[in-house]
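Novice: Input: one structure, supplied below.
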Amino acid sequence: MNSTYSAVPVTASIELQANSPVPPQGPPKKEFLEEEFDDDLPLILDADGAGYGPSASGSGVPGAVFNLATSIIGAGIMALPAAMKVLGILLGFVSIVLMGILSEISIELLIRFAVLCKSTSYGDVVESALGRPFKIVSEICVIVNNAGVLVVYLIIIGDVMSGSAKHVGVFDQLLGHGEWDHRKLVIFVVLVIFLAPLCALEKIDSLSLTSAASVALAVVFVVVSCIIASVKLAEGRTRTPRMGPNFGSKAAILDLLVVVPIMTNAYVCHFNVQPIYNELKERTPKKMYLVSRITTVLSVAIYASTSISGYLLFGEDTESDVLTNFDKDLGIPFSSILNYVVRIGYVLHLVLVFPVIHFSLRQTVDSLVFAGSAPASRKRMLALTAILLCVIYFGSTMIPNIWVAFKFTGATTGMSLGFIFPALIALRLDKQKQILKLQERYIAWVMLALAVVASILGVVGNIYTLKNMSE
């Protein structure tokens with residue numbers, strides 16, 4: 001007697017199996033976003049290549065928060081009090097908050113579409129959405145932006161420790177005049193002894209402890225600045241701050257054009273989102289959303305506190321690098337000790353931030369120069385590190401101050417990496433898959449339009465400023 005069934009192993013969950021079975025009915029199909037993100041689909045393959053699944057090793061949420069916060073809270077914090085001087089207290093505070101919100105939205109868009117494209121880097125998700133030429137452009141932007149930021153770090157370290165034309169350095173105050181007066185020498189020694197060993201590390205999660213220490217030092221700087229400003233405010237010894245921008249001169253109007261890109265540059269960390277996600281323990285998009293939201297709240301709080309306290313302390317005398325203002329008597333008890341704590345503490349912060357930014361710079365250069373080749377060997381990585389550090393060092397000896405560097409990178413590469421590319425990625429992939437809600441689509445268009453307008457105005461402002469300086 002013929003049967004349509006055959007025996008199956010006893011260990012199976014059923015005992016008979018059809019030779020021509022009807023495909024089983026699965027659960028109702030979810031919408032795309034629900035399917036991808038309710039199931040917490042990870043971004044990259046596990047280390048053993050077995051498939052997509054949460055990583056059992058790597059950094060936890062606190063370590064990821066510290067690494068991402070370190071990518072954001074760097075030299076930008078030093079330029080924000082000067083930006084507050086240009087915008088005024090009220091408009092400056094609103095701008096810091098709005099810029100943080102827009103940055104958070106763009107990061108979450110980037111995470112969402114990196115998951116969709118299963119991309120392992122910023123350039124990969126750009127290539128998936130926009131093609132190879134745009135990937136090359138995005139990688140060039142990362143290189144220029146990160147190299148510019150690292151140059152700024154070295155400038156700050158040199159100015160604070162060895163002094164500048166207008167301000168006295170820490171070494172001068174402690175040791176008197178000597179060889180340490182030379183900024184180039186100070187930067188070179190710091191680069192070789194402190195920065196090079198940290199930059200030689202292979203994985204970004206190896207920097208979690210240094211990132212935590214750097215965030216702690218940034219918080220110390222903020223707390224000390226706020227305490228000093230509060231004491232002077234309570235004693236009535238602060239100047240009355242402006243609430244809005246100054247339109248009284250052509251120079252003030254030009255500063256308004258470049259201040260938005262400078263504030264934008266303070267939030268750019270998007271190039272490090274994928275590396276941090278890739279090394280997140282038991283990684284899921286929802287967990288990375290939590291990381292980015294905590295980081296954004298922390299950054300907004302630190303930026304707003306520093307900007308307001310710095311502007312209250314120094315008023316219209318606020319320098320483009322507010323750290324250099326802490327070389328004089330602040331008019332409160334223990335002023336000289338607090339000056340040293342603020343300046344040396346933040347120099348240490350920048351030393352610990354430097355390797356985190358350098359990591360994505362090295363990774364991007366390797367991806368661009370050695371595209372399609374075997375994974376980077378230890379020798380190649382060390383050679384790239386040495387070359388990049390040399391280029392950054394020479395850049396720091398040629399650029400006069402951090403305002404010049406920030407206003408150019410902010411108007412071009414910073415705006416592109418932080419807002420233009422994430423918006424273009426979202427809109428392009430949405431056109432193919434129809435996965436954005438109407439509100440999200442409007443937000444992406446608004447973000448793109450604002451970024452393009454701000455970038456154009458910033459470039460125009462920079463050109464006019466250079467023209468006026470040359471006359």
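Chain labels A, B, ... are given in the sequence in which chains occur in the structure tokens; within each chain residues are numbered consecutively from 1, and ligands are likewise numbered from 1 in the order shown.
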Find the nearest atom pair between each residue of region 172-214 of chain A and region 350-364 of chain A for residues within 7 Å, count only C-alpha atoms, give distances in Å to one decimal, sort rows by chain and ascending number, and present the table as CSV.

Specialist:
```
residue,atom,partner,partner_atom,distance
A:Leu195,CA,A:Val351,CA,6.5
A:Leu198,CA,A:Pro355,CA,5.9
A:Cys199,CA,A:Pro355,CA,4.8
A:Ile204,CA,A:Val356,CA,6.8
A:Thr210,CA,A:Leu352,CA,5.7
A:Ser211,CA,A:Leu352,CA,6.4
A:Ser214,CA,A:Leu352,CA,5.6
```

Novice: When you look at Ala83 (chain A) with a cut-off of 7 Å (counting only C-alpha atoms), what residues show up, excluding the ones that are within fewer than 4 positions of it in the same chain? I need them as JSON, numbers by chain.

Specialist: {"A": [79, 87, 259]}

Novice: Can you pull out every residue within 12 Å of Gly131 (chain A), counting only C-alpha atoms, but drop anything in the same chain fewer than 5 positions away, and send it as a list in words?

Specialist: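 Within the cut-off, the hits are Gly123, Asp124, Val125, Val126, Ile136, Val137, Ser138, Leu424, Ile425, Arg428 and Leu429 of chain A.
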
Novice: I need the residue nearest Met415 (chain A) from this list: A:Phe334, A:Tyr289, A:Tyr303, A:Tyr267. Use only C-alpha atoms for the distance.

Specialist: A:Tyr267

Novice: Using only C-alpha atoms, which residue out of A:Pro197, A:Pro81, A:Gly74, A:Gly63 lies closest to Glu316 (chain A)?

Specialist: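 Answer, going by the shortest atom-to-atom distance: A:Pro81.
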
Novice: Do you have the CA of Val347 (chain A)-CA of Gly163 (chain A) distance handy?

Specialist: 13.0 Å

Novice: Taking only C-alpha atoms into account, which of A:Val160, A:Cys117, A:Ile308, A:Arg239 comes nearest Leu130 (chain A)?

Specialist: A:Cys117

Novice: Rank nothing, just name the residue among A:Gly395, A:Pro275, A:Gly92, A:Gly410 nearest to Tyr153 (chain A), using only C-alpha atoms.

Specialist: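 Among A:Gly395, A:Pro275, A:Gly92, A:Gly410, it is A:Gly395 that comes nearest to Tyr153 (chain A).
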